[in-house]
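work-v1.cif follows; it contains mmCIF, C-alpha atoms and all ligand atoms.
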```
data_final
loop_
_atom_site.group_PDB
_atom_site.id
_atom_site.type_symbol
_atom_site.label_atom_id
_atom_site.label_comp_id
_atom_site.auth_asym_id
_atom_site.auth_seq_id
_atom_site.Cartn_x
_atom_site.Cartn_y
_atom_site.Cartn_z
ATOM 1 C CA MET C 1 42.325 -7.458 -52.310
ATOM 2 C CA SER C 2 44.690 -4.826 -50.961
ATOM 3 C CA PRO C 3 44.423 -1.226 -52.129
ATOM 4 C CA ASP C 4 47.103 -0.360 -54.739
ATOM 5 C CA VAL C 5 48.316 -3.948 -55.077
ATOM 6 C CA ARG C 6 48.029 -5.497 -58.513
ATOM 7 C CA PRO C 7 46.626 -9.020 -58.224
ATOM 8 C CA LEU C 8 48.466 -12.058 -59.570
ATOM 9 C CA ILE C 9 47.017 -15.425 -60.529
ATOM 10 C CA ALA C 10 49.885 -17.931 -60.651
ATOM 11 C CA GLY C 11 49.648 -21.562 -61.746
ATOM 12 C CA ASN C 12 51.936 -24.320 -60.489
ATOM 13 C CA TRP C 13 51.924 -27.401 -62.685
ATOM 14 C CA LYS C 14 54.227 -29.310 -60.319
ATOM 15 C CA MET C 15 55.515 -32.559 -61.940
ATOM 16 C CA ASN C 16 52.772 -32.571 -64.547
ATOM 17 C CA GLY C 17 52.849 -31.782 -68.240
ATOM 18 C CA THR C 18 54.651 -32.861 -71.379
ATOM 19 C CA ARG C 19 54.853 -31.237 -74.804
ATOM 20 C CA GLN C 20 51.293 -32.452 -75.375
ATOM 21 C CA SER C 21 50.113 -30.062 -72.666
ATOM 22 C CA LEU C 22 51.497 -26.989 -74.397
ATOM 23 C CA GLY C 23 48.106 -26.374 -76.011
ATOM 24 C CA GLU C 24 46.818 -25.468 -72.546
ATOM 25 C CA ILE C 25 49.537 -22.818 -72.155
ATOM 26 C CA LYS C 26 48.767 -21.488 -75.625
ATOM 27 C CA ALA C 27 45.074 -21.224 -74.698
ATOM 28 C CA MET C 28 45.998 -19.431 -71.445
ATOM 29 C CA ALA C 29 48.272 -17.038 -73.322
ATOM 30 C CA GLU C 30 45.402 -16.165 -75.650
ATOM 31 C CA GLY C 31 42.815 -16.079 -72.868
ATOM 32 C CA VAL C 32 44.595 -13.369 -70.870
ATOM 33 C CA MET C 33 44.951 -10.993 -73.824
ATOM 34 C CA GLY C 34 41.840 -8.946 -72.931
ATOM 35 C CA PRO C 35 41.534 -5.639 -71.053
ATOM 36 C CA LEU C 36 41.753 -7.358 -67.646
ATOM 37 C CA SER C 37 45.489 -7.769 -68.283
ATOM 38 C CA ASP C 38 45.889 -4.025 -67.615
ATOM 39 C CA ARG C 39 44.833 -4.687 -64.007
ATOM 40 C CA VAL C 40 45.706 -8.307 -63.183
ATOM 41 C CA ASP C 41 48.867 -10.365 -63.792
ATOM 42 C CA ALA C 42 48.871 -14.020 -64.819
ATOM 43 C CA LEU C 43 51.755 -16.476 -64.523
ATOM 44 C CA ILE C 44 52.158 -20.151 -65.300
ATOM 45 C CA CYS C 45 54.946 -22.316 -63.873
ATOM 46 C CA PRO C 46 55.291 -25.528 -65.900
ATOM 47 C CA PRO C 47 58.010 -28.101 -65.245
ATOM 48 C CA ALA C 48 61.510 -26.955 -66.193
ATOM 49 C CA THR C 49 61.454 -29.222 -69.265
ATOM 50 C CA LEU C 50 58.767 -26.999 -70.819
ATOM 51 C CA LEU C 51 60.051 -23.627 -69.658
ATOM 52 C CA TYR C 52 61.815 -22.446 -72.785
ATOM 53 C CA VAL C 53 59.157 -23.536 -75.238
ATOM 54 C CA ALA C 54 56.414 -22.127 -72.956
ATOM 55 C CA THR C 55 58.042 -18.691 -72.874
ATOM 56 C CA ALA C 56 58.300 -18.813 -76.680
ATOM 57 C CA LEU C 57 54.538 -19.436 -76.842
ATOM 58 C CA CYS C 58 53.895 -16.384 -74.664
ATOM 59 C CA THR C 59 56.020 -13.755 -76.401
ATOM 60 C CA ASP C 60 52.958 -11.832 -77.649
ATOM 61 C CA SER C 61 50.870 -12.398 -74.530
ATOM 62 C CA PRO C 62 50.831 -10.826 -71.055
ATOM 63 C CA LEU C 63 50.991 -14.372 -69.631
ATOM 64 C CA MET C 64 54.292 -14.691 -67.773
ATOM 65 C CA VAL C 65 56.143 -17.965 -67.343
ATOM 66 C CA GLY C 66 58.123 -19.061 -64.318
ATOM 67 C CA ALA C 67 59.819 -22.060 -62.727
ATOM 68 C CA GLN C 68 59.058 -24.123 -59.641
ATOM 69 C CA ASP C 69 62.440 -24.080 -57.921
ATOM 70 C CA CYS C 70 66.052 -23.032 -58.366
ATOM 71 C CA HIS C 71 69.367 -23.887 -56.744
ATOM 72 C CA ARG C 72 70.945 -21.349 -54.395
ATOM 73 C CA ASN C 73 74.210 -21.378 -56.361
ATOM 74 C CA VAL C 74 74.752 -19.870 -59.781
ATOM 75 C CA SER C 75 76.446 -22.981 -61.229
ATOM 76 C CA GLY C 76 78.479 -25.983 -60.156
ATOM 77 C CA PRO C 77 78.349 -29.665 -59.280
ATOM 78 C CA HIS C 78 74.619 -29.985 -58.452
ATOM 79 C CA THR C 79 73.315 -32.792 -60.634
ATOM 80 C CA GLY C 80 69.681 -32.385 -61.576
ATOM 81 C CA ASP C 81 69.321 -28.829 -60.302
ATOM 82 C CA ILE C 82 68.740 -25.641 -62.249
ATOM 83 C CA SER C 83 69.951 -22.169 -61.347
ATOM 84 C CA ALA C 84 68.027 -18.902 -61.282
ATOM 85 C CA GLU C 85 70.261 -17.707 -64.106
ATOM 86 C CA MET C 86 69.143 -20.662 -66.247
ATOM 87 C CA ILE C 87 65.503 -19.746 -65.632
ATOM 88 C CA ALA C 88 66.178 -16.150 -66.659
ATOM 89 C CA ASP C 89 68.066 -17.457 -69.697
ATOM 90 C CA CYS C 90 64.827 -19.223 -70.752
ATOM 91 C CA PHE C 91 63.002 -15.878 -70.311
ATOM 92 C CA GLY C 92 61.303 -17.039 -67.113
ATOM 93 C CA THR C 93 60.313 -14.144 -64.857
ATOM 94 C CA HIS C 94 59.399 -15.842 -61.562
ATOM 95 C CA VAL C 95 60.408 -18.815 -59.456
ATOM 96 C CA ILE C 96 58.345 -20.563 -56.781
ATOM 97 C CA LEU C 97 60.470 -21.224 -53.687
ATOM 98 C CA GLY C 98 59.890 -23.091 -50.439
ATOM 99 C CA HIS C 99 56.763 -24.878 -51.617
ATOM 100 C CA SER C 100 55.736 -27.305 -48.879
ATOM 101 C CA GLU C 101 56.388 -30.222 -51.253
ATOM 102 C CA ARG C 102 60.011 -29.040 -51.597
ATOM 103 C CA ARG C 103 60.287 -28.456 -47.857
ATOM 104 C CA THR C 104 59.007 -32.016 -47.233
ATOM 105 C CA ASP C 105 60.443 -33.985 -50.169
ATOM 106 C CA HIS C 106 63.838 -32.261 -50.236
ATOM 107 C CA GLY C 107 64.288 -31.120 -46.641
ATOM 108 C CA GLU C 108 64.406 -27.457 -47.584
ATOM 109 C CA THR C 109 64.802 -25.263 -44.529
ATOM 110 C CA ASP C 110 63.954 -21.577 -44.189
ATOM 111 C CA HIS C 111 67.661 -20.854 -44.516
ATOM 112 C CA ILE C 112 67.911 -22.685 -47.844
ATOM 113 C CA VAL C 113 64.759 -20.970 -49.123
ATOM 114 C CA ARG C 114 66.211 -17.584 -48.179
ATOM 115 C CA ASP C 115 69.436 -18.337 -50.072
ATOM 116 C CA LYS C 116 67.418 -19.426 -53.100
ATOM 117 C CA ALA C 117 65.396 -16.208 -52.982
ATOM 118 C CA ALA C 118 68.634 -14.209 -52.870
ATOM 119 C CA ALA C 119 69.841 -16.174 -55.925
ATOM 120 C CA ALA C 120 66.549 -15.350 -57.673
ATOM 121 C CA TYR C 121 67.061 -11.630 -56.996
ATOM 122 C CA GLN C 122 70.603 -11.850 -58.436
ATOM 123 C CA ALA C 123 69.111 -13.213 -61.654
ATOM 124 C CA GLU C 124 66.404 -10.507 -61.611
ATOM 125 C CA LEU C 125 63.644 -13.041 -61.050
ATOM 126 C CA THR C 126 60.685 -12.489 -58.769
ATOM 127 C CA ALA C 127 60.635 -15.045 -55.951
ATOM 128 C CA ILE C 128 57.280 -16.496 -54.907
ATOM 129 C CA ILE C 129 58.083 -17.613 -51.372
ATOM 130 C CA CYS C 130 55.648 -20.157 -49.936
ATOM 131 C CA VAL C 131 54.771 -20.399 -46.261
ATOM 132 C CA GLY C 132 52.068 -22.260 -44.378
ATOM 133 C CA GLU C 133 51.318 -24.493 -41.435
ATOM 134 C CA THR C 134 50.757 -28.262 -41.334
ATOM 135 C CA GLU C 135 47.546 -29.770 -40.013
ATOM 136 C CA ASP C 136 49.168 -30.542 -36.647
ATOM 137 C CA GLU C 137 50.433 -26.975 -36.358
ATOM 138 C CA ARG C 138 46.963 -25.659 -37.155
ATOM 139 C CA ASP C 139 45.404 -27.975 -34.579
ATOM 140 C CA SER C 140 47.837 -26.782 -31.941
ATOM 141 C CA TYR C 141 46.982 -23.150 -32.736
ATOM 142 C CA SER C 142 50.529 -22.418 -33.932
ATOM 143 C CA THR C 143 49.657 -21.061 -37.384
ATOM 144 C CA LEU C 144 50.777 -17.496 -36.707
ATOM 145 C CA ASP C 145 53.981 -18.645 -34.974
ATOM 146 C CA VAL C 146 54.813 -20.780 -38.016
ATOM 147 C CA LEU C 147 54.108 -17.903 -40.398
ATOM 148 C CA ARG C 148 56.267 -15.542 -38.343
ATOM 149 C CA ARG C 149 59.141 -18.030 -38.251
ATOM 150 C CA GLN C 150 58.921 -18.856 -41.963
ATOM 151 C CA LEU C 151 58.634 -15.228 -43.060
ATOM 152 C CA ARG C 152 61.578 -14.181 -40.918
ATOM 153 C CA GLY C 153 63.664 -17.175 -41.966
ATOM 154 C CA SER C 154 62.785 -17.476 -45.662
ATOM 155 C CA VAL C 155 62.517 -13.890 -46.876
ATOM 156 C CA PRO C 156 65.873 -12.146 -47.490
ATOM 157 C CA ASP C 157 66.590 -8.611 -46.306
ATOM 158 C CA GLY C 158 66.675 -7.472 -49.943
ATOM 159 C CA ALA C 159 62.997 -8.265 -50.526
ATOM 160 C CA THR C 160 60.906 -5.607 -52.251
ATOM 161 C CA ALA C 161 57.371 -5.477 -53.598
ATOM 162 C CA ASP C 162 58.821 -6.042 -57.082
ATOM 163 C CA ASN C 163 61.095 -8.974 -56.422
ATOM 164 C CA THR C 164 59.023 -10.881 -53.849
ATOM 165 C CA VAL C 165 55.557 -12.412 -53.667
ATOM 166 C CA ILE C 166 54.455 -14.343 -50.587
ATOM 167 C CA ALA C 167 52.116 -17.316 -50.987
ATOM 168 C CA TYR C 168 50.227 -18.514 -47.914
ATOM 169 C CA GLU C 169 49.603 -22.203 -48.500
ATOM 170 C CA PRO C 170 48.290 -24.166 -45.535
ATOM 171 C CA VAL C 171 49.851 -27.595 -46.149
ATOM 172 C CA TRP C 172 46.595 -29.382 -45.289
ATOM 173 C CA ALA C 173 44.695 -27.373 -47.902
ATOM 174 C CA ILE C 174 46.988 -28.285 -50.812
ATOM 175 C CA GLY C 175 45.346 -30.756 -53.153
ATOM 176 C CA SER C 176 42.770 -31.723 -50.502
ATOM 177 C CA GLY C 177 39.712 -29.877 -51.754
ATOM 178 C CA VAL C 178 39.480 -28.226 -48.329
ATOM 179 C CA THR C 179 40.207 -24.544 -47.664
ATOM 180 C CA PRO C 180 40.437 -22.546 -44.438
ATOM 181 C CA THR C 181 37.477 -20.347 -43.584
ATOM 182 C CA ALA C 182 37.503 -16.819 -44.977
ATOM 183 C CA GLU C 183 38.013 -15.595 -41.399
ATOM 184 C CA ASP C 184 41.092 -17.772 -40.923
ATOM 185 C CA ILE C 185 42.604 -16.615 -44.214
ATOM 186 C CA ASP C 186 41.863 -13.027 -43.250
ATOM 187 C CA VAL C 187 43.671 -13.488 -39.922
ATOM 188 C CA ALA C 188 46.697 -15.163 -41.576
ATOM 189 C CA HIS C 189 47.019 -12.574 -44.343
ATOM 190 C CA SER C 190 46.540 -9.594 -42.019
ATOM 191 C CA PHE C 191 49.211 -11.048 -39.773
ATOM 192 C CA MET C 192 51.627 -11.532 -42.680
ATOM 193 C CA ARG C 193 50.953 -7.995 -43.885
ATOM 194 C CA SER C 194 51.761 -6.551 -40.474
ATOM 195 C CA GLU C 195 54.940 -8.638 -40.206
ATOM 196 C CA LEU C 196 56.092 -7.492 -43.652
ATOM 197 C CA VAL C 197 55.260 -3.842 -42.990
ATOM 198 C CA ARG C 198 57.143 -3.977 -39.692
ATOM 199 C CA ARG C 199 60.219 -5.335 -41.469
ATOM 200 C CA PHE C 200 60.067 -3.696 -44.906
ATOM 201 C CA GLY C 201 57.944 -0.571 -44.385
ATOM 202 C CA ASP C 202 56.122 0.618 -47.493
ATOM 203 C CA GLU C 203 57.552 -2.231 -49.593
ATOM 204 C CA GLY C 204 55.822 -4.648 -47.238
ATOM 205 C CA ARG C 205 52.541 -2.811 -47.695
ATOM 206 C CA HIS C 206 52.749 -3.413 -51.452
ATOM 207 C CA MET C 207 54.087 -6.983 -51.502
ATOM 208 C CA ARG C 208 51.621 -9.379 -53.040
ATOM 209 C CA LEU C 209 50.159 -11.965 -50.678
ATOM 210 C CA LEU C 210 48.707 -14.928 -52.568
ATOM 211 C CA TYR C 211 46.472 -17.577 -51.086
ATOM 212 C CA GLY C 212 47.101 -21.163 -52.257
ATOM 213 C CA GLY C 213 45.411 -24.456 -51.457
ATOM 214 C CA SER C 214 42.453 -25.967 -53.373
ATOM 215 C CA VAL C 215 41.587 -22.765 -55.250
ATOM 216 C CA LYS C 216 39.023 -23.666 -57.926
ATOM 217 C CA PRO C 217 36.733 -21.690 -60.233
ATOM 218 C CA ALA C 218 33.862 -22.327 -57.769
ATOM 219 C CA ASN C 219 35.558 -20.778 -54.718
ATOM 220 C CA ALA C 220 37.918 -18.255 -56.333
ATOM 221 C CA GLU C 221 35.643 -15.234 -56.116
ATOM 222 C CA LYS C 222 35.037 -15.721 -52.404
ATOM 223 C CA LEU C 223 38.736 -16.313 -51.674
ATOM 224 C CA MET C 224 40.021 -13.453 -53.836
ATOM 225 C CA SER C 225 37.663 -10.963 -52.213
ATOM 226 C CA ILE C 226 39.231 -11.426 -48.752
ATOM 227 C CA ALA C 227 41.231 -8.414 -47.517
ATOM 228 C CA ASN C 228 44.990 -8.749 -48.130
ATOM 229 C CA VAL C 229 44.513 -11.638 -50.571
ATOM 230 C CA ASP C 230 46.177 -10.302 -53.713
ATOM 231 C CA GLY C 231 45.736 -13.336 -55.912
ATOM 232 C CA ALA C 232 46.206 -17.077 -55.871
ATOM 233 C CA LEU C 233 48.802 -19.782 -56.301
ATOM 234 C CA VAL C 234 46.836 -22.515 -58.057
ATOM 235 C CA GLY C 235 47.941 -26.131 -58.381
ATOM 236 C CA GLY C 236 45.513 -28.689 -59.824
ATOM 237 C CA ALA C 237 43.114 -26.153 -61.323
ATOM 238 C CA SER C 238 45.939 -24.540 -63.309
ATOM 239 C CA LEU C 239 46.443 -27.623 -65.477
ATOM 240 C CA LYS C 240 43.454 -26.775 -67.672
ATOM 241 C CA ALA C 241 43.246 -23.422 -69.408
ATOM 242 C CA ASP C 242 39.477 -23.204 -68.886
ATOM 243 C CA ASP C 243 39.812 -23.508 -65.104
ATOM 244 C CA PHE C 244 42.838 -21.224 -64.883
ATOM 245 C CA LEU C 245 41.112 -18.559 -66.975
ATOM 246 C CA ALA C 246 37.895 -18.886 -64.954
ATOM 247 C CA ILE C 247 39.890 -18.154 -61.774
ATOM 248 C CA TYR C 248 41.699 -15.217 -63.429
ATOM 249 C CA SER C 249 38.368 -13.846 -64.672
ATOM 250 C CA VAL C 250 36.825 -13.509 -61.212
ATOM 251 C CA TYR C 251 38.695 -10.194 -61.103
ATOM 252 C CA GLU C 252 36.373 -8.802 -63.786
ATOM 253 C CA GLY C 253 33.645 -8.682 -61.147
ATOM 254 C CA LEU C 254 35.881 -7.880 -58.185
ATOM 255 C CA ILE C 255 37.570 -4.920 -59.873
ATOM 256 C CA ALA C 256 34.268 -3.564 -61.181
ATOM 257 C CA GLU C 257 33.021 -3.523 -57.561
ATOM 258 C CA THR C 258 35.921 -1.338 -56.445
ATOM 259 C CA LEU C 259 35.475 1.280 -59.222
HETATM 260 C C1 LIG C 301 49.959 -25.819 -54.694
HETATM 261 O O1 LIG C 301 50.508 -26.891 -54.586
HETATM 262 O O2 LIG C 301 50.651 -24.783 -54.799
HETATM 263 C C2 LIG C 301 48.518 -25.777 -54.676
HETATM 264 C C3 LIG C 301 47.963 -24.687 -54.259
HETATM 265 O O3 LIG C 301 47.846 -26.923 -55.079
HETATM 266 P P1 LIG C 301 46.256 -27.108 -55.229
HETATM 267 O O4 LIG C 301 45.685 -25.845 -55.842
HETATM 268 O O5 LIG C 301 46.091 -28.286 -56.115
HETATM 269 O O6 LIG C 301 45.707 -27.307 -53.853
#
```
Could you rewrite the structure in this file as structure tokens?
Ligand code: PEP
Amino acid sequence: MSPDVRPLIAGNWKMNGTRQSLGEIKAMAEGVMGPLSDRVDALICPPATLLYVATALCTDSPLMVGAQDCHRNVSGPHTGDISAEMIADCFGTHVILGHSERRTDHGETDHIVRDKAAAAYQAELTAIICVGETEDERDSYSTLDVLRRQLRGSVPDGATADNTVIAYEPVWAIGSGVTPTAEDIDVAHSFMRSELVRRFGDEGRHMRLLYGGSVKPANAEKLMSIANVDGALVGGASLKADDFLAIYSVYEGLIAETL
């Protein structure tokens, strides 16, 4: 945790979920209604097909709803894409950008991710910009070089602590059940913090840095207690309300320790 940074637990459903899964979002919306919501934010990012109905389910809950990608243009001939404005029109508040699956499956470069983040800002969405090294890059000790390059290339100059969240997601940790050591996450997050402070000053000090990659109820407390880890981007374990809420609830203990 970073001092004065409000944690965020964000779920990414990826290409999972139909209307039948909306009960899970309803249970999450109800599960985050307690006093912890004064101190910790919660966000779920279902597929775009469920966005509008999911936000309708959350109108009386602190649970926020976001999308998993947007196009860099506001409108136009881009079959199959959705714009940041369309997400905002569905009452979405956040958009995940530059996830490694988008970088790999759709060839998204840092430049494209930066343009998408700028489009998100235009629509008054918060961009969750994902960065992280592949297994080969880790094995060749290039993690910090990759993070520097991706942060510089993917984060627009207009980034603030309000409109931008950074998610460190080592590609090899996503969906693998394996996580980096606490020491390695500490090194990566401290490095990102110093890069962001150098570029954005005080805004960089307050930007949320999420860790993502095989976060589960069983390891969440350990991961969320690492310095400069201000929450999690959760894939598989966000599909079930019980698991998502168990991860969110680790902050009951962590916040009590800091009081
Ligand atoms: C993700 O894809 O953003 C992710 C972190 O997935 P998982 O939690 O399943 O590793």
Best match for closeness to ligand LIG 301 (chain C) among C:Glu101, C:Glu124, C:Glu252, C:Asp186, counting all atoms listed in the file:
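Checking each of C:Glu101, C:Glu124, C:Glu252, C:Asp186 against ligand LIG 301 (chain C), counting all atoms listed in the file, the winner is C:Glu101.
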Env of Ser176 (chain C): 8 Å cut, atoms = only C-alpha atoms, seq-sep filter 3 positions within chain, self excluded. Answer as a PDB file with C-alpha atoms, keeping the file's coordinate frame.
```pdb
ATOM      1  CA  TRP C 172      46.595 -29.382 -45.289  1.00  0.00           C
ATOM      2  CA  ALA C 173      44.695 -27.373 -47.902  1.00  0.00           C
ATOM      3  CA  GLY C 213      45.411 -24.456 -51.457  1.00  0.00           C
ATOM      4  CA  SER C 214      42.453 -25.967 -53.373  1.00  0.00           C
TER       5      SER C 214
END
```
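Near Gly34 (chain C), within 12 Å and counting only C-alpha atoms, sit Met28, Val40, Asp41, Ala42, Ser61, Pro62, Leu63, Leu245, Tyr248, Ser249 and Glu252 of chain C, not including residues fewer than 6 positions from it in the same chain.
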Which residues would end up in the selection if the PyMOL selection byres (((chain C and resi 55) around 9) and not hetatm) were applied here, given that I need the answer as a list in words?
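Going through the file, the PyMOL selection byres (((chain C and resi 55) around 9) and not hetatm) ends up selecting Leu50, Leu51, Tyr52, Val53, Ala54, Ala56, Leu57, Cys58, Thr59, Leu63, Met64, Val65, Gly66, Cys90, Phe91 and Gly92 of chain C.
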Give as a PyMOL selection string the residues that the PyMOL selection byres (((not hetatm)) within 6 of (chain C and resi 301)) matches when applied to the coordinates above.
chain C and resi 12+174-175+212-215+233-236
Which residue gives the smallest distance to Ala88 (chain C) among C:Arg205, C:Glu137, C:Asn73, C:Ala123, with only C-alpha atoms counted?
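Among the listed residues, the smallest separation from Ala88 (chain C) belongs to C:Ala123.
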Determine, counting all atoms listed in the file, which protein, DNA and RNA residues have an atom within 10 Å of an atom of Ser75 (chain C); residues of the same chain fewer than 3 positions away are not included. Present the result as a ChimeraX atom specification.
/C:71-72,78,81-86
Two-atom distance - CA of Thr126 (chain C), CA of Ile96 (chain C) (Å):
8.6 Å
Can you tell me how far CA of Thr143 (chain C) sits from CA of Val165 (chain C), in Å to one decimal?
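Taking CA of Thr143 (chain C) as the start and CA of Val165 (chain C) as the end point, the length is 19.4 Å.
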Here's the selection I'm unsure about, the PyMOL selection byres (((chain C and resi 222-230) around 6) and not hetatm); applied to the file above, which residues does it give, as a list in words?
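Residues picked by the PyMOL selection byres (((chain C and resi 222-230) around 6) and not hetatm): Met1, Ser2, Pro7, His189, Arg208, Leu209, Leu210, Asn219, Ala220, Glu221 and Gly231 of chain C.
Minimum atom-to-atom distance to Ala188 (chain C), evaluated using all atoms listed in the file, belongs to C:Val146 out of C:Ala29, C:Val146, C:Leu22, C:Ala67.
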In Å, how far is it from CA of Val171 (chain C) to CA of Thr109 (chain C)?
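Between these atoms lies a distance of 15.2 Å.
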Within 12 Å of Val113 (chain C), counting all atoms listed in the file, which residues qualify if same-chain residues fewer than 2 places away don't, as JSON, numbers by chain?
{"C": [69, 70, 71, 72, 73, 95, 96, 97, 98, 99, 100, 102, 103, 106, 107, 108, 109, 110, 111, 115, 116, 117, 118, 119, 120, 127, 128, 129, 130, 131, 150, 151, 152, 153, 154, 155, 156]}
